[in-house]
Amino acid sequence: MRKMLLVLPALALCGATLSSQSVPAPRSQTPQTPQTTQAPRPGASAPSSSRETLRSGFSVQRLERVDALLQRYVDENRVAGAVALVLRDGQPVYERAVGWADKEANRRMTTDTIFRIASQTKAITSVAVLALMEEGKIGLNDPVSRLIPQYAKTSVAVRGENGAVTTVPARRQITIRDLLTHTAGISYGTQAEIASDYEAKGLGPAAGFGWYTADKSEPVCETMERLASLPFSAQPGERFVYGYNTDILGCVVEKASGVPLDAFLRTRILDPLDMKDTSFFLPAEKRTRLAAVYSSSNGVITRAPDGPRGQGNYVDGPRRSFAGGAGLLSTVRDYSRFLEMIRNGGALNGVRILSPRTVALMTHNQIGTLHSPNGLGFGLGFQTTDRVGANGLDPLGAYGWSGAYGSMYRIDPDARIDILLMIQLLPNSTDLGQRFPTAVHQAFVEEAPAPVRRQPQTQP
């Protein structure tokens with residue numbers, strides 16, 4: 001018999017904030033009898049079918065569609081479980097844990113479950129780089145070779161009309177700005193014309209799906225210095241190419257600060273923001289809170305294998321490689337604090353990480369149409385929505401990104417909303433990452449003033 005799964009009750013919202021003093025304790029108790037009934041709505045009696053009940057601008061009735069969406073994906077075995085959070089003005093409007101953290105261990109999902117967040121690491125590392133920029137230790141237009149000499153001369157693989165691949169010198173040096181905007185021409189080395197070269201150096205196909213380094217017993221700078229000897233995929237500044245850019249920036253942080261990346265993030269970002277469950281590797285006492293990874297093929301999940309293409313080495317690995325591009329573990333609650341810092345212009349609860357003007361560089365398009373000709377841009381760490389309709393129901397001015405295990409987040413700065421979803425699928429063939437934000441947006445019914453028009457830049 002198929003087991004019916006639980007949708008955890010919503011948090012009580014009155015007076016809830018994201019300060020460390022007032023965040024409600026995560027609900028980890030497992031009821032004796034799992035149910036699929038809708039979570040109670042705090043302070044609300046059953047509304048008339050002809051009248052909406054509003055919660056911070058959201059229709060309570062329409063938020064029930066988000067419940068139904070998440071539960072359906074669990075019931076249809078398309079995800080094992082998920083944790084979702086929506087904030088407005090820093091207060092939780094919607095929070096759910098649904099399904100399983102580990103089906104085989106009979107461990108249910110809770111709001112404090114820890115997830116591998118993969119490329120959601122990139123925004124945090126980008127903040128570290130920009131903090132060093134504000135201190136004058138790094139310049140956006142500095143060549144990377146100022147800190148990592150191996151990047152003084154790089155090369156690019158070029159496929160000719162006859163299909164032959166040749167290697168040519170880069171026309172100029174790669175800059176810090178190139179890395180932050182993913183316009184350095186550096187991929188994950190999985191393309192056919194360069195894959196064998198990368199694999200021979202322990203990268204590309206030899207690194208899980210290309211981005212995985214948690215199993216390496218060498219510091220990340222050694223890996224990134226070796227990367228400099230390999231041919232890249234495009235000339236610097238000419239194309240948006242997603243790859244090891246932010247991993248190189250992690251090494252830049254180490255060189256500029258003189259401390260390992262994990263220590264820099266801990267002292268300068270994670271501890272000040274009270275992100276207690278965010279780290280590159282999991283402490284032994286937290287291993288039972290880590291969600292299992294599942295593989296998604298044709299929309300149905302199976303448990304992923306151990307190793308780089310599945311569960312990873314985040315608990316029992318060598319704990320040497322601090323990957324600034326894809327290495328962190330976190331919770332929805334922790335990451336929401338980071339997003340609130342960004343949404344508030346670089347500060348949270350009296351703790352300032354960046355200046356508002358630096359945050360503006362991160363959250364506004366810096367590369368014109370290189371990322372997309374259809375209204376999506378890229379700032380210094382975030383994808384930006386520069387046209388209504390470019391990214392589903394995303395409003396103009398929204399920004400965010402996602403992770404390889406299926407997690408995603410978006411910030412709507414005008415409506416002061418953060419949207420977060422965490423799941424653990426690798427590879428991920430579901431469309432929940434697109435359907436979830438749509439379900440959230442359709443529930444927001446407050447009439448907003450006309451947004452400030454943000455004109456996309458045409459020059460990097």
# chains A, B, ... in the order shown; residues from 1 in each chain; ligands from 1

$ select_by_dssp --residues "range 238-370 of chain A" --states "helix (DSSP H, G or I)" --output "PyMOL selection string"
chain A and resi 245-257+261-270+284-289+332-343+356-363

$ closest_atom_pairs --of "range 87-148 of chain A" --to "range 431-450 of chain A" --cutoff "12 Å" --atoms "only C-alpha atoms" --output "JSON lines"
{"residue": "A:Leu87", "atom": "CA", "partner": "A:Val440", "partner_atom": "CA", "distance": 10.8}
{"residue": "A:Arg88", "atom": "CA", "partner": "A:Phe444", "partner_atom": "CA", "distance": 10.5}
{"residue": "A:Val93", "atom": "CA", "partner": "A:Val440", "partner_atom": "CA", "distance": 10.4}
{"residue": "A:Tyr94", "atom": "CA", "partner": "A:Val440", "partner_atom": "CA", "distance": 9.2}
{"residue": "A:Glu95", "atom": "CA", "partner": "A:Val440", "partner_atom": "CA", "distance": 11.5}

$ closest_residue --among "A:Val86, A:Met408, A:Ile248, A:Ala326" --to "Gly208 in chain A" --atoms "only C-alpha atoms"
A:Ala326

$ closest_residue --among "A:Glu285, A:Glu199, A:Asp414, A:Asp67" --to "Arg343 in chain A" --atoms "only C-alpha atoms"
A:Asp414

$ select_by_dssp --residues "range 9-255 of chain A" --states "strand (DSSP E or B)" --output "number ranges by chain"
A: 54-55, 58-59, 81-88, 91-102, 107-108, 114-116, 143, 155-159, 165-169, 175, 231-232

$ atom_distance --atom1 "CA of Pro92 in chain A" --atom2 "CA of Asp334 in chain A"
13.2 Å

$ residues_around --residues "Val220 in chain A" --least-positions-apart "4" --cutoff "7 Å" --atoms "only C-alpha atoms" --output "number ranges by chain"
A: 224, 251, 321-323

$ closest_residue --among "A:Thr53, A:Thr331, A:Ser336, A:Thr358" --to "Ala97 in chain A" --atoms "only C-alpha atoms"
A:Thr331

$ residues_around --residues "Ile176 in chain A" --least-positions-apart "5" --cutoff "7 Å" --atoms "only C-alpha atoms" --output "list of chain:residue names"
A:Leu140, A:Asn141, A:Asp142, A:Pro143, A:Val144

$ atom_distance --atom1 "CA of Phe280 in chain A" --atom2 "CA of Val300 in chain A"
29.0 Å

$ atom_distance --atom1 "CA of Gln173 in chain A" --atom2 "CA of Tyr188 in chain A"
19.1 Å

$ residues_around --residues "Tyr244 in chain A" --least-positions-apart "4" --cutoff "10 Å" --atoms "only C-alpha atoms" --output "ChimeraX atom specification"
/A:179,182,184-189,203-204,210-211,224,227,248-250,323-326

$ closest_residue --among "A:Glu218, A:Gly346, A:Leu426, A:Phe240" --to "Thr369 in chain A" --atoms "only C-alpha atoms"
A:Phe240

$ residues_around --residues "Ala164 in chain A" --least-positions-apart "6" --cutoff "12 Å" --atoms "only C-alpha atoms" --output "number ranges by chain"
A: 157-158, 192-194

$ closest_residue --among "A:Ala291, A:Met133, A:Ile301, A:Met362" --to "Val253 in chain A" --atoms "only C-alpha atoms"
A:Met133

$ residues_around --residues "range 372-386 of chain A" --least-positions-apart "5" --cutoff "9 Å" --atoms "only C-alpha atoms" --output "PyMOL selection string"
chain A and resi 122-127+130+177+179-182+240+359-367+391+394-401+453-457

$ closest_residue --among "A:Val98, A:Pro308, A:Leu132, A:Gly202" --to "Gly258 in chain A" --atoms "only C-alpha atoms"
A:Leu132

$ decode --residues "range 369-413 of chain A" --atoms "N, CA and C atoms" --output "PDB file, in the first residue's frame"
ATOM      1  N   THR A 369      23.179  41.332 -23.291  1.00  0.00           N
ATOM      2  CA  THR A 369      22.460  40.155 -23.779  1.00  0.00           C
ATOM      3  C   THR A 369      23.342  38.907 -23.852  1.00  0.00           C
ATOM      4  N   LEU A 370      24.500  38.927 -23.219  1.00  0.00           N
ATOM      5  CA  LEU A 370      25.373  37.752 -23.295  1.00  0.00           C
ATOM      6  C   LEU A 370      24.757  36.539 -22.604  1.00  0.00           C
ATOM      7  N   HIS A 371      24.020  36.760 -21.523  1.00  0.00           N
ATOM      8  CA  HIS A 371      23.384  35.627 -20.841  1.00  0.00           C
ATOM      9  C   HIS A 371      22.176  35.129 -21.612  1.00  0.00           C
ATOM     10  N   SER A 372      21.376  36.050 -22.133  1.00  0.00           N
ATOM     11  CA  SER A 372      20.178  35.672 -22.870  1.00  0.00           C
ATOM     12  C   SER A 372      19.708  36.870 -23.687  1.00  0.00           C
ATOM     13  N   PRO A 373      19.255  36.639 -24.927  1.00  0.00           N
ATOM     14  CA  PRO A 373      18.676  37.739 -25.710  1.00  0.00           C
ATOM     15  C   PRO A 373      17.203  37.959 -25.401  1.00  0.00           C
ATOM     16  N   ASN A 374      16.659  37.192 -24.474  1.00  0.00           N
ATOM     17  CA  ASN A 374      15.209  37.197 -24.246  1.00  0.00           C
ATOM     18  C   ASN A 374      14.791  37.787 -22.901  1.00  0.00           C
ATOM     19  N   GLY A 375      15.628  38.645 -22.337  1.00  0.00           N
ATOM     20  CA  GLY A 375      15.193  39.357 -21.146  1.00  0.00           C
ATOM     21  C   GLY A 375      15.757  38.866 -19.830  1.00  0.00           C
ATOM     22  N   LEU A 376      16.694  37.932 -19.862  1.00  0.00           N
ATOM     23  CA  LEU A 376      17.383  37.499 -18.648  1.00  0.00           C
ATOM     24  C   LEU A 376      18.820  38.001 -18.698  1.00  0.00           C
ATOM     25  N   GLY A 377      19.253  38.614 -17.610  1.00  0.00           N
ATOM     26  CA  GLY A 377      20.622  39.096 -17.535  1.00  0.00           C
ATOM     27  C   GLY A 377      21.383  38.404 -16.426  1.00  0.00           C
ATOM     28  N   PHE A 378      22.586  38.900 -16.178  1.00  0.00           N
ATOM     29  CA  PHE A 378      23.378  38.350 -15.078  1.00  0.00           C
ATOM     30  C   PHE A 378      24.189  39.469 -14.460  1.00  0.00           C
ATOM     31  N   GLY A 379      24.082  39.586 -13.108  1.00  0.00           N
ATOM     32  CA  GLY A 379      24.862  40.561 -12.366  1.00  0.00           C
ATOM     33  C   GLY A 379      26.133  39.933 -11.847  1.00  0.00           C
ATOM     34  N   LEU A 380      26.635  40.452 -10.738  1.00  0.00           N
ATOM     35  CA  LEU A 380      27.854  39.892 -10.153  1.00  0.00           C
ATOM     36  C   LEU A 380      27.486  38.808  -9.144  1.00  0.00           C
ATOM     37  N   GLY A 381      26.798  37.771  -9.645  1.00  0.00           N
ATOM     38  CA  GLY A 381      26.444  36.651  -8.788  1.00  0.00           C
ATOM     39  C   GLY A 381      25.023  36.151  -8.921  1.00  0.00           C
ATOM     40  N   PHE A 382      24.118  36.929  -9.522  1.00  0.00           N
ATOM     41  CA  PHE A 382      22.720  36.522  -9.640  1.00  0.00           C
ATOM     42  C   PHE A 382      22.228  36.679 -11.076  1.00  0.00           C
ATOM     43  N   GLN A 383      21.333  35.772 -11.481  1.00  0.00           N
ATOM     44  CA  GLN A 383      20.573  35.961 -12.717  1.00  0.00           C
ATOM     45  C   GLN A 383      19.502  37.015 -12.464  1.00  0.00           C
ATOM     46  N   THR A 384      19.283  37.899 -13.432  1.00  0.00           N
ATOM     47  CA  THR A 384      18.320  38.980 -13.267  1.00  0.00           C
ATOM     48  C   THR A 384      17.193  38.856 -14.289  1.00  0.00           C
ATOM     49  N   THR A 385      16.005  39.284 -13.892  1.00  0.00           N
ATOM     50  CA  THR A 385      14.857  39.312 -14.799  1.00  0.00           C
ATOM     51  C   THR A 385      14.665  40.750 -15.267  1.00  0.00           C
ATOM     52  N   ASP A 386      14.953  41.004 -16.547  1.00  0.00           N
ATOM     53  CA  ASP A 386      14.935  42.353 -17.107  1.00  0.00           C
ATOM     54  C   ASP A 386      13.711  42.625 -17.970  1.00  0.00           C
ATOM     55  N   ARG A 387      12.855  41.627 -18.129  1.00  0.00           N
ATOM     56  CA  ARG A 387      11.637  41.794 -18.921  1.00  0.00           C
ATOM     57  C   ARG A 387      10.542  40.927 -18.342  1.00  0.00           C
ATOM     58  N   VAL A 388       9.352  41.463 -18.184  1.00  0.00           N
ATOM     59  CA  VAL A 388       8.226  40.665 -17.725  1.00  0.00           C
ATOM     60  C   VAL A 388       7.964  39.558 -18.740  1.00  0.00           C
ATOM     61  N   GLY A 389       7.867  38.334 -18.260  1.00  0.00           N
ATOM     62  CA  GLY A 389       7.673  37.188 -19.132  1.00  0.00           C
ATOM     63  C   GLY A 389       8.942  36.445 -19.477  1.00  0.00           C
ATOM     64  N   ALA A 390      10.092  36.996 -19.092  1.00  0.00           N
ATOM     65  CA  ALA A 390      11.358  36.332 -19.421  1.00  0.00           C
ATOM     66  C   ALA A 390      11.587  35.090 -18.582  1.00  0.00           C
ATOM     67  N   ASN A 391      10.962  35.034 -17.390  1.00  0.00           N
ATOM     68  CA  ASN A 391      11.170  33.896 -16.492  1.00  0.00           C
ATOM     69  C   ASN A 391       9.861  33.581 -15.771  1.00  0.00           C
ATOM     70  N   GLY A 392       8.905  33.032 -16.498  1.00  0.00           N
ATOM     71  CA  GLY A 392       7.617  32.692 -15.903  1.00  0.00           C
ATOM     72  C   GLY A 392       6.908  33.928 -15.378  1.00  0.00           C
ATOM     73  N   LEU A 393       6.432  33.880 -14.135  1.00  0.00           N
ATOM     74  CA  LEU A 393       5.729  35.006 -13.515  1.00  0.00           C
ATOM     75  C   LEU A 393       6.672  35.926 -12.744  1.00  0.00           C
ATOM     76  N   ASP A 394       7.980  35.692 -12.884  1.00  0.00           N
ATOM     77  CA  ASP A 394       8.956  36.569 -12.230  1.00  0.00           C
ATOM     78  C   ASP A 394       8.691  38.023 -12.604  1.00  0.00           C
ATOM     79  N   PRO A 395       8.638  38.933 -11.632  1.00  0.00           N
ATOM     80  CA  PRO A 395       8.448  40.343 -11.965  1.00  0.00           C
ATOM     81  C   PRO A 395       9.735  40.995 -12.453  1.00  0.00           C
ATOM     82  N   LEU A 396       9.600  42.102 -13.096  1.00  0.00           N
ATOM     83  CA  LEU A 396      10.752  42.886 -13.515  1.00  0.00           C
ATOM     84  C   LEU A 396      11.589  43.255 -12.300  1.00  0.00           C
ATOM     85  N   GLY A 397      12.896  43.036 -12.391  1.00  0.00           N
ATOM     86  CA  GLY A 397      13.796  43.367 -11.289  1.00  0.00           C
ATOM     87  C   GLY A 397      14.082  42.229 -10.341  1.00  0.00           C
ATOM     88  N   ALA A 398      13.398  41.099 -10.489  1.00  0.00           N
ATOM     89  CA  ALA A 398      13.670  39.942  -9.627  1.00  0.00           C
ATOM     90  C   ALA A 398      15.040  39.353  -9.965  1.00  0.00           C
ATOM     91  N   TYR A 399      15.586  38.592  -9.030  1.00  0.00           N
ATOM     92  CA  TYR A 399      16.877  37.944  -9.270  1.00  0.00           C
ATOM     93  C   TYR A 399      16.966  36.676  -8.431  1.00  0.00           C
ATOM     94  N   GLY A 400      17.903  35.802  -8.793  1.00  0.00           N
ATOM     95  CA  GLY A 400      18.060  34.549  -8.067  1.00  0.00           C
ATOM     96  C   GLY A 400      18.944  33.584  -8.823  1.00  0.00           C
ATOM     97  N   TRP A 401      18.897  32.325  -8.418  1.00  0.00           N
ATOM     98  CA  TRP A 401      19.647  31.254  -9.094  1.00  0.00           C
ATOM     99  C   TRP A 401      19.141  29.917  -8.572  1.00  0.00           C
ATOM    100  N   SER A 402      19.882  28.854  -8.797  1.00  0.00           N
ATOM    101  CA  SER A 402      19.444  27.513  -8.414  1.00  0.00           C
ATOM    102  C   SER A 402      20.664  26.640  -8.155  1.00  0.00           C
ATOM    103  N   GLY A 403      20.411  25.363  -7.831  1.00  0.00           N
ATOM    104  CA  GLY A 403      21.499  24.428  -7.577  1.00  0.00           C
ATOM    105  C   GLY A 403      21.277  23.124  -8.320  1.00  0.00           C
ATOM    106  N   ALA A 404      22.350  22.388  -8.560  1.00  0.00           N
ATOM    107  CA  ALA A 404      22.287  21.178  -9.375  1.00  0.00           C
ATOM    108  C   ALA A 404      21.403  20.097  -8.771  1.00  0.00           C
ATOM    109  N   TYR A 405      21.206  20.107  -7.449  1.00  0.00           N
ATOM    110  CA  TYR A 405      20.355  19.098  -6.818  1.00  0.00           C
ATOM    111  C   TYR A 405      18.877  19.471  -6.864  1.00  0.00           C
ATOM    112  N   GLY A 406      18.529  20.552  -7.560  1.00  0.00           N
ATOM    113  CA  GLY A 406      17.136  20.925  -7.751  1.00  0.00           C
ATOM    114  C   GLY A 406      16.644  22.068  -6.900  1.00  0.00           C
ATOM    115  N   SER A 407      17.487  22.616  -6.027  1.00  0.00           N
ATOM    116  CA  SER A 407      17.064  23.738  -5.202  1.00  0.00           C
ATOM    117  C   SER A 407      16.991  25.015  -6.032  1.00  0.00           C
ATOM    118  N   MET A 408      16.190  25.989  -5.578  1.00  0.00           N
ATOM    119  CA  MET A 408      16.085  27.258  -6.283  1.00  0.00           C
ATOM    120  C   MET A 408      15.693  28.364  -5.318  1.00  0.00           C
ATOM    121  N   TYR A 409      15.943  29.608  -5.725  1.00  0.00           N
ATOM    122  CA  TYR A 409      15.499  30.760  -4.953  1.00  0.00           C
ATOM    123  C   TYR A 409      15.333  31.958  -5.872  1.00  0.00           C
ATOM    124  N   ARG A 410      14.405  32.836  -5.513  1.00  0.00           N
ATOM    125  CA  ARG A 410      14.199  34.108  -6.210  1.00  0.00           C
ATOM    126  C   ARG A 410      13.892  35.179  -5.178  1.00  0.00           C
ATOM    127  N   ILE A 411      14.316  36.387  -5.476  1.00  0.00           N
ATOM    128  CA  ILE A 411      13.988  37.560  -4.666  1.00  0.00           C
ATOM    129  C   ILE A 411      13.228  38.549  -5.537  1.00  0.00           C
ATOM    130  N   ASP A 412      12.092  39.030  -5.042  1.00  0.00           N
ATOM    131  CA  ASP A 412      11.335  40.106  -5.674  1.00  0.00           C
ATOM    132  C   ASP A 412      11.555  41.344  -4.813  1.00  0.00           C
ATOM    133  N   PRO A 413      12.473  42.226  -5.195  1.00  0.00           N
ATOM    134  CA  PRO A 413      12.810  43.352  -4.318  1.00  0.00           C
ATOM    135  C   PRO A 413      11.689  44.371  -4.169  1.00  0.00           C
TER     136      PRO A 413
END
